[in-house]
$ cat target-v1.cif   # mmCIF, C-alpha atoms
data_query
#
loop_
_atom_site.label_atom_id
_atom_site.label_comp_id
_atom_site.auth_asym_id
_atom_site.auth_seq_id
_atom_site.Cartn_x
_atom_site.Cartn_y
_atom_site.Cartn_z
CA MET A 460 1.56 8.58 -28.47
CA ILE A 461 -1.16 8.20 -25.84
CA GLU A 462 -1.66 10.73 -23.11
CA GLY A 463 -0.82 8.83 -19.93
CA ILE A 464 -4.01 9.78 -18.14
CA ALA A 465 -6.11 8.78 -21.15
CA ALA A 466 -4.47 5.35 -21.20
CA LEU A 467 -4.89 4.89 -17.47
CA ARG A 468 -8.53 5.93 -17.74
CA VAL A 469 -9.09 3.04 -20.16
CA LEU A 470 -7.49 0.68 -17.65
CA SER A 471 -9.46 2.13 -14.76
CA GLN A 472 -12.72 1.52 -16.60
CA GLU A 473 -11.85 -2.18 -16.80
CA ARG A 474 -10.80 -2.44 -13.18
CA THR A 475 -12.84 -4.47 -10.74
CA ASP A 476 -10.98 -5.47 -7.57
CA GLU A 477 -7.37 -5.47 -8.74
CA ILE A 478 -4.62 -4.30 -6.39
CA VAL A 479 -2.80 -1.49 -8.20
CA ILE A 480 0.82 -0.68 -7.32
CA THR A 481 1.92 2.64 -8.81
CA HIS A 482 5.48 3.90 -9.07
CA MET A 483 7.20 7.14 -9.98
CA SER A 484 5.15 9.44 -12.27
CA THR A 485 2.37 6.90 -12.84
CA GLY A 486 1.16 7.50 -9.29
CA ALA A 487 0.01 11.07 -9.85
CA ASP A 488 -1.75 10.18 -13.12
CA TRP A 489 -3.47 7.12 -11.64
CA SER A 490 -4.70 9.17 -8.68
CA HIS A 491 -6.78 11.22 -11.14
CA VAL A 492 -8.56 8.22 -12.70
CA THR A 493 -8.64 5.49 -10.06
CA SER A 494 -12.00 3.96 -9.35
CA ASN A 495 -10.98 2.41 -6.02
CA ALA A 496 -8.20 4.21 -4.17
CA GLU A 497 -8.58 1.81 -1.24
CA LEU A 498 -6.91 -0.87 -3.35
CA ASP A 499 -4.10 1.40 -4.59
CA MET A 500 -0.59 1.71 -3.25
CA HIS A 501 2.07 4.13 -4.44
CA LEU A 502 5.51 2.63 -3.89
CA SER A 503 7.62 5.72 -3.39
CA GLY A 504 10.93 4.28 -2.18
CA ALA A 505 13.49 2.08 -3.89
CA MET A 506 13.15 3.17 -7.51
CA GLY A 507 12.70 0.24 -9.85
CA LYS A 508 11.37 -2.22 -7.31
CA ALA A 509 7.61 -1.89 -7.97
CA SER A 510 7.64 -4.90 -10.29
CA SER A 511 9.34 -7.01 -7.61
CA PHE A 512 6.92 -5.81 -4.95
CA GLY A 513 3.95 -6.58 -7.20
CA LEU A 514 5.32 -10.07 -7.79
CA GLY A 515 5.37 -10.71 -4.06
CA VAL A 516 1.74 -9.64 -3.69
CA ALA A 517 0.74 -11.74 -6.70
CA LEU A 518 2.46 -14.84 -5.32
CA ALA A 519 0.93 -14.39 -1.87
CA GLN A 520 -2.54 -13.82 -3.28
CA PRO A 521 -2.83 -15.95 -6.43
CA ASN A 522 -6.56 -15.32 -6.66
CA VAL A 523 -6.16 -11.54 -6.62
CA LYS A 524 -5.17 -9.69 -9.77
CA VAL A 525 -2.26 -7.31 -9.34
CA TRP A 526 -1.43 -4.45 -11.68
CA VAL A 527 1.94 -2.73 -11.48
CA LEU A 528 2.21 0.71 -13.10
CA ASP A 529 5.90 1.16 -13.76
CA GLY A 530 8.10 3.57 -15.67
CA ASP A 531 10.64 2.86 -18.39
CA GLY A 532 13.52 4.30 -16.37
CA SER A 533 12.39 2.32 -13.34
CA LEU A 534 12.18 -0.92 -15.25
CA LEU A 535 15.65 -0.38 -16.68
CA MET A 536 16.91 -0.23 -13.09
CA ASN A 537 15.46 -3.67 -12.38
CA LEU A 538 15.38 -5.39 -15.75
CA GLY A 539 16.23 -8.74 -14.19
CA SER A 540 12.85 -8.62 -12.48
CA LEU A 541 11.31 -9.56 -15.83
CA VAL A 542 13.08 -12.91 -15.64
CA THR A 543 12.22 -13.29 -11.96
CA ILE A 544 8.53 -12.60 -12.66
CA ALA A 545 8.41 -14.92 -15.67
CA SER A 546 10.23 -17.60 -13.70
CA ALA A 547 7.70 -17.33 -10.88
CA GLY A 548 4.86 -17.70 -13.41
CA ALA A 549 2.63 -15.10 -11.79
CA LYS A 550 -0.51 -15.57 -13.88
CA ASN A 551 -2.30 -12.83 -11.96
CA LEU A 552 0.23 -10.06 -12.64
CA VAL A 553 -0.16 -7.34 -15.26
CA HIS A 554 2.91 -5.12 -15.64
CA ILE A 555 2.15 -1.79 -17.29
CA ILE A 556 4.97 0.47 -18.43
CA TYR A 557 4.90 4.17 -19.19
CA GLU A 558 7.44 4.45 -21.99
CA ASN A 559 8.24 8.13 -22.38
CA ASP A 560 11.97 7.75 -23.02
CA SER A 561 12.80 10.02 -20.13
CA TYR A 562 13.21 10.46 -16.40
CA ASP A 563 10.21 12.74 -15.88
CA THR A 564 10.61 13.08 -12.15
CA THR A 565 14.09 14.57 -12.51
CA GLY A 566 13.30 16.99 -15.30
CA GLY A 567 12.96 14.89 -18.44
CA GLN A 568 16.51 13.73 -19.08
CA ALA A 569 16.72 10.93 -21.66
CA ILE A 570 16.95 7.37 -20.41
CA PRO A 571 19.78 5.27 -21.89
CA GLY A 572 19.16 3.51 -25.16
CA VAL A 573 16.22 5.50 -26.48
CA GLY A 574 15.17 3.90 -29.76
CA LEU A 575 17.58 1.01 -29.34
CA PHE A 576 15.68 -1.43 -27.17
CA ASP A 577 12.22 -2.96 -27.28
CA PHE A 578 10.47 -3.78 -24.00
CA VAL A 579 8.02 -6.12 -25.74
CA ALA A 580 10.85 -8.16 -27.25
CA ILE A 581 12.76 -8.09 -23.98
CA ALA A 582 9.74 -9.25 -21.97
CA LYS A 583 8.98 -12.05 -24.39
CA GLY A 584 12.65 -12.99 -24.42
CA CYS A 585 12.55 -13.14 -20.62
CA GLY A 586 9.60 -15.53 -20.68
CA TYR A 587 6.53 -13.29 -20.38
CA PRO A 588 3.83 -15.13 -22.33
CA ASN A 589 2.17 -11.87 -23.33
CA ALA A 590 3.62 -8.47 -24.18
CA PHE A 591 1.98 -5.66 -26.11
CA VAL A 592 2.71 -2.08 -27.04
CA PHE A 593 0.03 0.56 -27.49
CA GLU A 594 0.57 3.90 -29.18
CA HIS A 595 -3.06 4.91 -29.79
CA VAL A 596 -5.83 5.06 -27.23
CA GLU A 597 -8.34 3.56 -29.67
CA ASP A 598 -6.20 0.43 -30.03
CA LEU A 599 -5.95 0.15 -26.28
CA GLN A 600 -9.72 0.52 -25.92
CA ASN A 601 -10.34 -2.11 -28.57
CA ARG A 602 -8.01 -4.74 -27.12
CA ILE A 603 -7.90 -4.12 -23.40
CA LYS A 604 -10.62 -6.60 -22.39
CA GLU A 605 -8.93 -9.42 -24.29
CA VAL A 606 -5.46 -8.53 -23.02
CA LEU A 607 -6.53 -8.41 -19.39
CA THR A 608 -8.09 -11.86 -19.52
CA LEU A 609 -4.89 -13.57 -20.70
CA PRO A 610 -3.04 -15.67 -18.13
CA GLY A 611 -0.03 -13.58 -17.14
CA PRO A 612 2.42 -12.35 -16.52
CA THR A 613 1.44 -9.78 -19.12
CA LEU A 614 3.37 -6.67 -20.09
CA LEU A 615 1.65 -3.61 -21.53
CA VAL A 616 3.86 -0.86 -22.87
CA LEU A 617 2.12 2.49 -23.20
CA LYS A 618 3.93 4.98 -25.43
CA VAL A 619 3.26 8.21 -23.59
CA PRO A 620 4.77 11.67 -24.02
CA SER A 621 7.30 12.99 -21.60
CA GLY A 622 5.73 15.62 -19.42
CA PRO A 623 6.49 18.03 -16.64
CA SER A 624 7.45 16.50 -13.36
CA ARG A 625 4.37 15.24 -11.55
CA GLY A 626 5.28 14.55 -7.99
CA PRO A 627 3.30 12.17 -5.83
CA ALA A 628 1.94 15.00 -3.69
CA GLY A 629 -1.40 14.10 -2.18
CA LEU A 630 -0.92 10.36 -2.50
CA PRO A 631 -1.14 8.36 0.73
CA LYS A 632 2.21 7.50 2.26
CA THR A 633 3.49 4.11 1.16
CA ALA A 634 3.74 2.77 4.71
CA GLU A 635 0.11 3.69 5.42
CA SER A 636 -1.08 2.05 2.22
CA PHE A 637 1.00 -1.04 3.01
CA ALA A 638 -0.62 -1.42 6.42
CA ARG A 639 -4.12 -0.80 5.04
CA LEU A 640 -3.75 -3.30 2.20
CA HIS A 641 -2.13 -5.86 4.49
CA GLN A 642 -5.19 -5.73 6.72
CA LEU A 643 -7.62 -5.71 3.82
CA LEU A 644 -6.02 -8.73 2.13
CA ALA A 645 -5.91 -10.58 5.44
CA LYS A 646 -9.59 -9.84 5.95
CA ARG A 647 -10.40 -11.11 2.49
CA SER A 648 -8.43 -14.29 3.17
CA GLY A 649 -9.90 -14.74 6.60
CA GLN A 650 -6.49 -14.40 8.27
CA ALA A 651 -5.62 -12.66 11.50
CA THR A 652 -3.09 -9.83 11.22
CA MET B 1426 39.72 -40.45 17.62
CA VAL B 1427 39.16 -37.27 15.62
CA THR B 1428 36.61 -34.88 17.10
CA GLN B 1429 34.22 -33.43 14.51
CA PRO B 1430 33.62 -29.70 14.79
CA PRO B 1431 30.09 -28.57 15.60
CA ALA B 1432 28.10 -28.44 12.38
CA LEU B 1433 25.20 -26.62 10.81
CA HIS B 1434 22.95 -29.14 9.09
CA ALA B 1435 20.67 -28.16 6.24
CA GLN B 1436 17.78 -30.32 7.47
CA ASN B 1437 17.91 -28.63 10.84
CA VAL B 1438 17.92 -25.15 9.32
CA VAL B 1439 14.90 -26.06 7.22
CA ALA B 1440 13.15 -27.58 10.24
CA GLU B 1441 13.72 -24.35 12.17
CA LEU B 1442 12.32 -22.25 9.31
CA LYS B 1443 9.27 -24.49 9.25
CA LYS B 1444 8.91 -24.27 13.03
CA ALA B 1445 9.01 -20.47 12.75
CA GLY B 1446 6.13 -20.57 10.29
CA VAL B 1447 8.17 -19.41 7.32
CA THR B 1448 6.31 -19.95 4.04
CA HIS B 1449 8.64 -18.57 1.35
CA VAL B 1450 12.39 -18.26 0.90
CA VAL B 1451 13.25 -15.43 -1.47
CA TRP B 1452 16.81 -16.13 -2.40
CA LEU B 1453 19.81 -16.02 -4.61
CA PRO B 1454 22.18 -18.95 -4.10
CA ASP B 1455 25.56 -18.28 -2.56
CA SER B 1456 28.52 -20.20 -1.25
CA GLU B 1457 27.36 -19.98 2.36
CA SER B 1458 23.76 -21.14 1.90
CA ASN B 1459 24.06 -23.51 -1.07
CA PHE B 1460 24.24 -26.50 1.30
CA MET B 1461 20.55 -25.88 2.11
CA TYR B 1462 19.23 -25.91 -1.45
CA ALA B 1463 18.23 -29.55 -1.74
CA ALA B 1464 16.68 -29.59 1.72
CA MET B 1465 14.67 -26.43 1.02
CA GLN B 1466 13.50 -27.76 -2.33
CA GLN B 1467 12.28 -30.97 -0.73
CA GLU B 1468 10.37 -29.21 2.04
CA GLN B 1469 6.81 -28.79 0.81
CA ALA B 1470 6.01 -26.17 3.42
CA LEU B 1471 8.54 -23.82 1.83
CA THR B 1472 8.19 -22.10 -1.53
CA LEU B 1473 11.46 -20.96 -3.06
CA VAL B 1474 11.36 -17.70 -5.00
CA PRO B 1475 14.62 -17.24 -6.87
CA VAL B 1476 15.60 -13.70 -7.85
CA CYS B 1477 18.13 -12.40 -10.36
CA ARG B 1478 19.70 -9.77 -8.09
CA GLU B 1479 19.52 -9.42 -4.35
CA GLY B 1480 17.92 -5.97 -4.33
CA GLU B 1481 14.77 -7.54 -5.77
CA ALA B 1482 14.48 -9.85 -2.79
CA MET B 1483 13.46 -7.24 -0.21
CA ALA B 1484 10.71 -5.94 -2.50
CA VAL B 1485 9.41 -9.42 -3.31
CA ALA B 1486 9.41 -10.27 0.39
CA ALA B 1487 7.57 -7.05 1.26
CA GLY B 1488 4.88 -7.87 -1.30
CA LEU B 1489 4.61 -11.40 0.06
CA ILE B 1490 4.17 -10.01 3.57
CA MET B 1491 1.52 -7.52 2.44
CA GLY B 1492 -0.26 -10.49 0.90
CA GLY B 1493 -0.28 -12.39 4.17
CA THR B 1494 2.61 -14.84 3.94
CA LYS B 1495 5.79 -15.12 6.03
CA PRO B 1496 8.93 -15.07 3.89
CA VAL B 1497 12.60 -14.86 4.72
CA VAL B 1498 15.26 -13.46 2.41
CA LEU B 1499 18.34 -15.64 1.93
CA ILE B 1500 21.31 -13.93 0.27
CA GLN B 1501 25.07 -13.48 0.66
CA ASN B 1502 26.67 -10.48 2.34
CA THR B 1503 27.91 -9.29 -1.06
CA GLY B 1504 24.28 -9.13 -2.19
CA PHE B 1505 23.25 -7.42 1.02
CA LEU B 1506 25.81 -4.71 0.33
CA GLU B 1507 24.49 -4.42 -3.24
CA SER B 1508 20.92 -4.01 -1.99
CA GLY B 1509 21.36 -0.77 -0.08
CA ASP B 1510 18.47 1.20 -1.55
CA SER B 1511 16.01 -1.67 -1.19
CA ILE B 1512 17.02 -2.06 2.45
CA ARG B 1513 16.60 1.66 3.02
CA GLY B 1514 13.48 2.30 0.95
CA ILE B 1515 11.62 -0.91 1.68
CA CYS B 1516 12.86 -2.76 4.77
CA ILE B 1517 13.48 0.33 6.87
CA ASP B 1518 11.08 2.96 5.54
CA LEU B 1519 8.15 0.53 5.38
CA LYS B 1520 9.17 -1.22 8.62
CA ILE B 1521 8.97 -4.62 6.95
CA PRO B 1522 8.90 -7.49 9.48
CA VAL B 1523 11.24 -9.79 7.62
CA VAL B 1524 14.30 -11.84 8.51
CA LEU B 1525 17.27 -11.37 6.20
CA MET B 1526 19.38 -14.53 6.35
CA ILE B 1527 22.78 -13.45 5.13
CA GLY B 1528 25.61 -15.76 4.17
CA TYR B 1529 28.63 -14.47 6.03
CA ARG B 1530 31.35 -14.73 3.37
CA GLY B 1531 34.75 -14.07 4.87
CA PHE B 1532 33.68 -14.92 8.42
CA GLU B 1533 36.54 -15.80 10.70
CA LYS B 1534 35.86 -16.77 14.26
CA GLU B 1535 39.34 -16.79 15.74
CA LYS B 1536 41.37 -14.42 13.57
CA PRO B 1537 40.93 -11.08 11.84
CA MET B 1538 38.83 -11.17 8.69
CA THR B 1539 40.56 -10.32 5.42
CA ASP B 1540 37.59 -10.45 3.01
CA THR B 1541 35.94 -7.02 2.76
CA ALA B 1542 32.58 -8.74 2.24
CA GLY B 1543 32.92 -9.98 5.79
CA ILE B 1544 34.64 -6.92 7.22
CA PHE B 1545 31.92 -4.51 6.12
CA LEU B 1546 28.87 -6.65 6.94
CA GLU B 1547 28.35 -5.97 10.64
CA PRO B 1548 29.24 -2.26 10.38
CA ALA B 1549 26.71 -1.96 7.54
CA LEU B 1550 23.99 -3.68 9.57
CA LYS B 1551 24.73 -1.35 12.48
CA MET B 1552 24.56 1.66 10.16
CA TYR B 1553 21.09 0.58 9.01
CA GLY B 1554 20.05 -0.15 12.58
CA ILE B 1555 19.21 -3.75 11.74
CA PRO B 1556 19.67 -6.06 14.75
CA TYR B 1557 21.41 -9.33 14.00
CA SER B 1558 22.78 -12.55 15.41
CA VAL B 1559 25.13 -15.18 14.04
CA VAL B 1560 24.24 -18.82 13.38
CA GLU B 1561 27.28 -21.08 13.15
CA GLU B 1562 26.02 -24.46 14.28
CA ASP B 1563 22.82 -26.33 15.01
CA ARG B 1564 22.64 -25.21 18.62
CA ASP B 1565 22.33 -21.60 17.35
CA LEU B 1566 19.27 -22.33 15.20
CA HIS B 1567 16.78 -21.19 17.82
CA ARG B 1568 17.99 -17.71 16.89
CA ILE B 1569 16.06 -17.99 13.62
CA SER B 1570 12.72 -18.44 15.37
CA ALA B 1571 13.69 -15.72 17.84
CA ALA B 1572 14.48 -13.39 14.94
CA VAL B 1573 11.14 -14.14 13.27
CA ARG B 1574 9.36 -13.27 16.53
CA GLU B 1575 11.49 -10.17 16.99
CA THR B 1576 10.41 -8.80 13.58
CA GLN B 1577 6.83 -8.46 14.78
CA GLN B 1578 6.89 -6.10 17.77
CA PRO B 1579 7.25 -3.47 16.57
CA PRO B 1580 7.50 -4.40 12.90
CA HIS B 1581 11.10 -4.21 11.72
CA THR B 1582 13.75 -6.11 9.83
CA VAL B 1583 16.15 -8.46 11.62
CA ALA B 1584 19.19 -10.28 10.23
CA ILE B 1585 20.60 -13.74 10.81
CA LEU B 1586 24.18 -14.16 9.67
CA VAL B 1587 24.91 -17.67 8.44
CA ALA B 1588 28.55 -18.54 9.05
CA ARG B 1589 29.29 -21.52 6.90
CA GLU B 1590 32.58 -22.80 8.26
CA TYR B 1591 31.13 -26.11 9.43
CA ALA B 1592 27.99 -26.31 7.33
CA THR B 1593 27.03 -29.69 5.95
CA PRO B 1594 24.25 -30.87 3.63
#

$ encode --input "target-v1.cif" --output "structure tokens"
Amino acid sequence: MIEGIAALRVLSQERTDEIVITHMSTGADWSHVTSNAELDMHLSGAMGKASSFGLGVALAQPNVKVWVLDGDGSLLMNLGSLVTIASAGAKNLVHIIYENDSYDTTGGQAIPGVGLFDFVAIAKGCGYPNAFVFEHVEDLQNRIKEVLTLPGPTLLVLKVPSGPSRGPAGLPKTAESFARLHQLLAKRSGQAT
Amino acid sequence: MVTQPPALHAQNVVAELKKAGVTHVVWLPDSESNFMYAAMQQEQALTLVPVCREGEAMAVAAGLIMGGTKPVVLIQNTGFLESGDSIRGICIDLKIPVVLMIGYRGFEKEKPMTDTAGIFLEPALKMYGIPYSVVEEDRDLHRISAAVRETQQPPHTVAILVAREYATP
């Protein structure tokens, strides 16, 4: 197991100008390690749809790298998005999953199918060219540079422990982040908003 | 001489989307919009983004909009009804300026509808507070551009209901 914050710290150290979309309990952890909160957005509504949202950003901005920090329960709610993302061929999308076998935000109840399914196999079976699982922070540190340079979509599964509910308190509201990033991306692209 | 009923032509729908500045069509094929598939595929100004389930479409479209493009969502009313939480949590809560083009399965112009997919559509749109208009034939197509404009001030989601009765490729 990797402590979630320790894993996200490794990712944050590699971050340059990626747009990071967080979802569910990843948002609180990421807020502790982010190196550029201006480029972060916590998608708080519509559980399971962060991967789809990230795909839209990645397609609109093919020269911008997009990271989606998703949960295992969330991804199970929108498993078809793996096929949609692979089908769209979003080379600039990295899809990172907290796999803690539970719904942390509702008190740690088990997700369906614990121990029965394999996100890496599922992602590869859906057409993701790259999918990896990390259980030790040292392995993540050793391979992260290589993994992040691969043409995506890429799935990273982080085996993290279930923890107490960590609400998104203190994170900017999703609508505010949406408007800010919309303007920022338009400015980068030289578009009017 | 047999009089042909007014028709909705795929090329004209695509031309109207192009005129409205639409860049992407996030869609899942359905019986009401399938007549447009070939025309949309051939139009280089449009990028088709197929999804596996309709609830993905609102999120993909929102991301596309945040990234600076102008998508529409094209789904059937059955898929709209399936997408409730995406409509609530994304379209409405984030005030996404997107047009949802919804195939109006079960639409009946002159008699009571019997298909619940049709019966529940307009009440559901009213419940969500999403304004809508119906496109049945080519002369209604200006409503698509009007809907795209309407999404902008203030930002909100608008629906176009595509009634297929006389649609032709």

$ resolve_selection --input "target-v1.cif" --expression "the PyMOL selection byres ((chain B) within 7 of (chain A))" --output "PyMOL selection string"
chain B and resi 1474-1477+1481+1484-1489+1491-1494+1510-1511+1514-1515+1519

$ atom_distance --input "target-v1.cif" --atom1 "atom CA of His554 of chain A" --atom2 "atom CA of Val1450 of chain B"
23.2 Å

$ residues_around --input "target-v1.cif" --residues "segment 1551-1568 of chain B" --least-positions-apart "5" --cutoff "8 Å" --atoms "only C-alpha atoms" --output "ChimeraX atom specification"
/B:1431-1434,1437-1438,1441,1513,1517,1582-1592

$ write_last_selection --input "target-v1.cif" --atoms "C-alpha atoms" --output "tab-separated table (two decimals), in the frame of the given file"
chain	number	residue	atom	x	y	z
B	1431	PRO	CA	30.09	-28.57	15.60
B	1432	ALA	CA	28.10	-28.44	12.38
B	1433	LEU	CA	25.20	-26.62	10.81
B	1434	HIS	CA	22.95	-29.14	9.09
B	1437	ASN	CA	17.91	-28.63	10.84
B	1438	VAL	CA	17.92	-25.15	9.32
B	1441	GLU	CA	13.72	-24.35	12.17
B	1513	ARG	CA	16.60	1.66	3.02
B	1517	ILE	CA	13.48	0.33	6.87
B	1582	THR	CA	13.75	-6.11	9.83
B	1583	VAL	CA	16.15	-8.46	11.62
B	1584	ALA	CA	19.19	-10.28	10.23
B	1585	ILE	CA	20.60	-13.74	10.81
B	1586	LEU	CA	24.18	-14.16	9.67
B	1587	VAL	CA	24.91	-17.67	8.44
B	1588	ALA	CA	28.55	-18.54	9.05
B	1589	ARG	CA	29.29	-21.52	6.90
B	1590	GLU	CA	32.58	-22.80	8.26
B	1591	TYR	CA	31.13	-26.11	9.43
B	1592	ALA	CA	27.99	-26.31	7.33

$ resolve_selection --input "target-v1.cif" --expression "the PyMOL selection byres ((chain A and resi 561-575) around 10)" --output "PDB file with C-alpha atoms, in the frame of the given file"
ATOM      1  CA  MET A 483       7.200   7.140  -9.980  1.00  0.00           C
ATOM      2  CA  SER A 484       5.150   9.440 -12.270  1.00  0.00           C
ATOM      3  CA  GLY A 530       8.100   3.570 -15.670  1.00  0.00           C
ATOM      4  CA  ASP A 531      10.640   2.860 -18.390  1.00  0.00           C
ATOM      5  CA  GLY A 532      13.520   4.300 -16.370  1.00  0.00           C
ATOM      6  CA  SER A 533      12.390   2.320 -13.340  1.00  0.00           C
ATOM      7  CA  LEU A 535      15.650  -0.380 -16.680  1.00  0.00           C
ATOM      8  CA  TYR A 557       4.900   4.170 -19.190  1.00  0.00           C
ATOM      9  CA  GLU A 558       7.440   4.450 -21.990  1.00  0.00           C
ATOM     10  CA  ASN A 559       8.240   8.130 -22.380  1.00  0.00           C
ATOM     11  CA  ASP A 560      11.970   7.750 -23.020  1.00  0.00           C
ATOM     12  CA  PHE A 576      15.680  -1.430 -27.170  1.00  0.00           C
ATOM     13  CA  ASP A 577      12.220  -2.960 -27.280  1.00  0.00           C
ATOM     14  CA  PRO A 620       4.770  11.670 -24.020  1.00  0.00           C
ATOM     15  CA  SER A 621       7.300  12.990 -21.600  1.00  0.00           C
ATOM     16  CA  GLY A 622       5.730  15.620 -19.420  1.00  0.00           C
ATOM     17  CA  PRO A 623       6.490  18.030 -16.640  1.00  0.00           C
ATOM     18  CA  SER A 624       7.450  16.500 -13.360  1.00  0.00           C
ATOM     19  CA  ARG A 625       4.370  15.240 -11.550  1.00  0.00           C
ATOM     20  CA  GLY A 626       5.280  14.550  -7.990  1.00  0.00           C
ATOM     21  CA  PRO A 627       3.300  12.170  -5.830  1.00  0.00           C
TER      22      PRO A 627
END

$ residues_around --input "target-v1.cif" --residues "segment 467-479 of chain A" --least-positions-apart "4" --cutoff "8 Å" --atoms "only C-alpha atoms" --output "ChimeraX atom specification"
/A:463,488-489,492-494,498-500,523-528,599-600,603-604

$ atom_distance --input "target-v1.cif" --atom1 "atom CA of Leu615 of chain A" --atom2 "atom CA of Met1483 of chain B"
24.6 Å

$ atom_distance --input "target-v1.cif" --atom1 "atom CA of Ile555 of chain A" --atom2 "atom CA of Leu617 of chain A"
7.3 Å

$ resolve_selection --input "target-v1.cif" --expression "the PyMOL selection byres ((chain B and resi 1504) around 12)" --output "MDAnalysis selection string"
chainID B and resid 1452:1456 1476:1483 1498:1503 1505:1512 1525:1530 1542:1543 1546

$ residues_around --input "target-v1.cif" --residues "Glu462 of chain A" --least-positions-apart "2" --cutoff "9 Å" --atoms "all atoms listed in the file" --output "PDB file with C-alpha atoms, in the frame of the given file"
ATOM      1  CA  MET A 460       1.560   8.580 -28.470  1.00  0.00           C
ATOM      2  CA  ILE A 464      -4.010   9.780 -18.140  1.00  0.00           C
ATOM      3  CA  ALA A 465      -6.110   8.780 -21.150  1.00  0.00           C
ATOM      4  CA  ALA A 466      -4.470   5.350 -21.200  1.00  0.00           C
ATOM      5  CA  LEU A 467      -4.890   4.890 -17.470  1.00  0.00           C
ATOM      6  CA  HIS A 595      -3.060   4.910 -29.790  1.00  0.00           C
ATOM      7  CA  VAL A 596      -5.830   5.060 -27.230  1.00  0.00           C
ATOM      8  CA  LYS A 618       3.930   4.980 -25.430  1.00  0.00           C
ATOM      9  CA  VAL A 619       3.260   8.210 -23.590  1.00  0.00           C
ATOM     10  CA  PRO A 620       4.770  11.670 -24.020  1.00  0.00           C
TER      11      PRO A 620
END

$ residues_around --input "target-v1.cif" --residues "Gly1531 of chain B" --least-positions-apart "3" --cutoff "8 Å" --atoms "all atoms listed in the file" --output "list in words"
Met1538, Thr1539, Asp1540, Thr1541, Ala1542, Gly1543 and Ile1544 of chain B

$ decode --input "target-v1.cif" --residues "segment 603-625 of chain A" --atoms "C-alpha atoms" --output "compact mmCIF listing (two decimals), in the first residue's frame"
# COMPACT_ATOMS: atom_id res chain seq x y z
CA ILE A 603 7.06 7.93 -12.79
CA LYS A 604 9.18 9.96 -15.24
CA GLU A 605 9.06 7.17 -17.83
CA VAL A 606 5.34 6.54 -17.33
CA LEU A 607 4.39 10.18 -17.70
CA THR A 608 6.22 10.52 -21.01
CA LEU A 609 4.31 7.69 -22.69
CA PRO A 610 1.68 8.69 -25.25
CA GLY A 611 -1.64 8.18 -23.50
CA PRO A 612 -4.20 7.54 -22.51
CA THR A 613 -2.36 6.11 -19.53
CA LEU A 614 -3.91 4.60 -16.42
CA LEU A 615 -2.09 4.60 -13.09
CA VAL A 616 -3.63 2.58 -10.29
CA LEU A 617 -2.41 3.55 -6.84
CA LYS A 618 -3.12 0.97 -4.14
CA VAL A 619 -3.89 3.21 -1.20
CA PRO A 620 -5.39 2.41 2.20
CA SER A 621 -8.94 3.28 3.00
CA GLY A 622 -9.04 6.21 5.35
CA PRO A 623 -11.40 8.42 7.26
CA SER A 624 -13.69 10.54 5.20
CA ARG A 625 -11.83 13.55 3.86
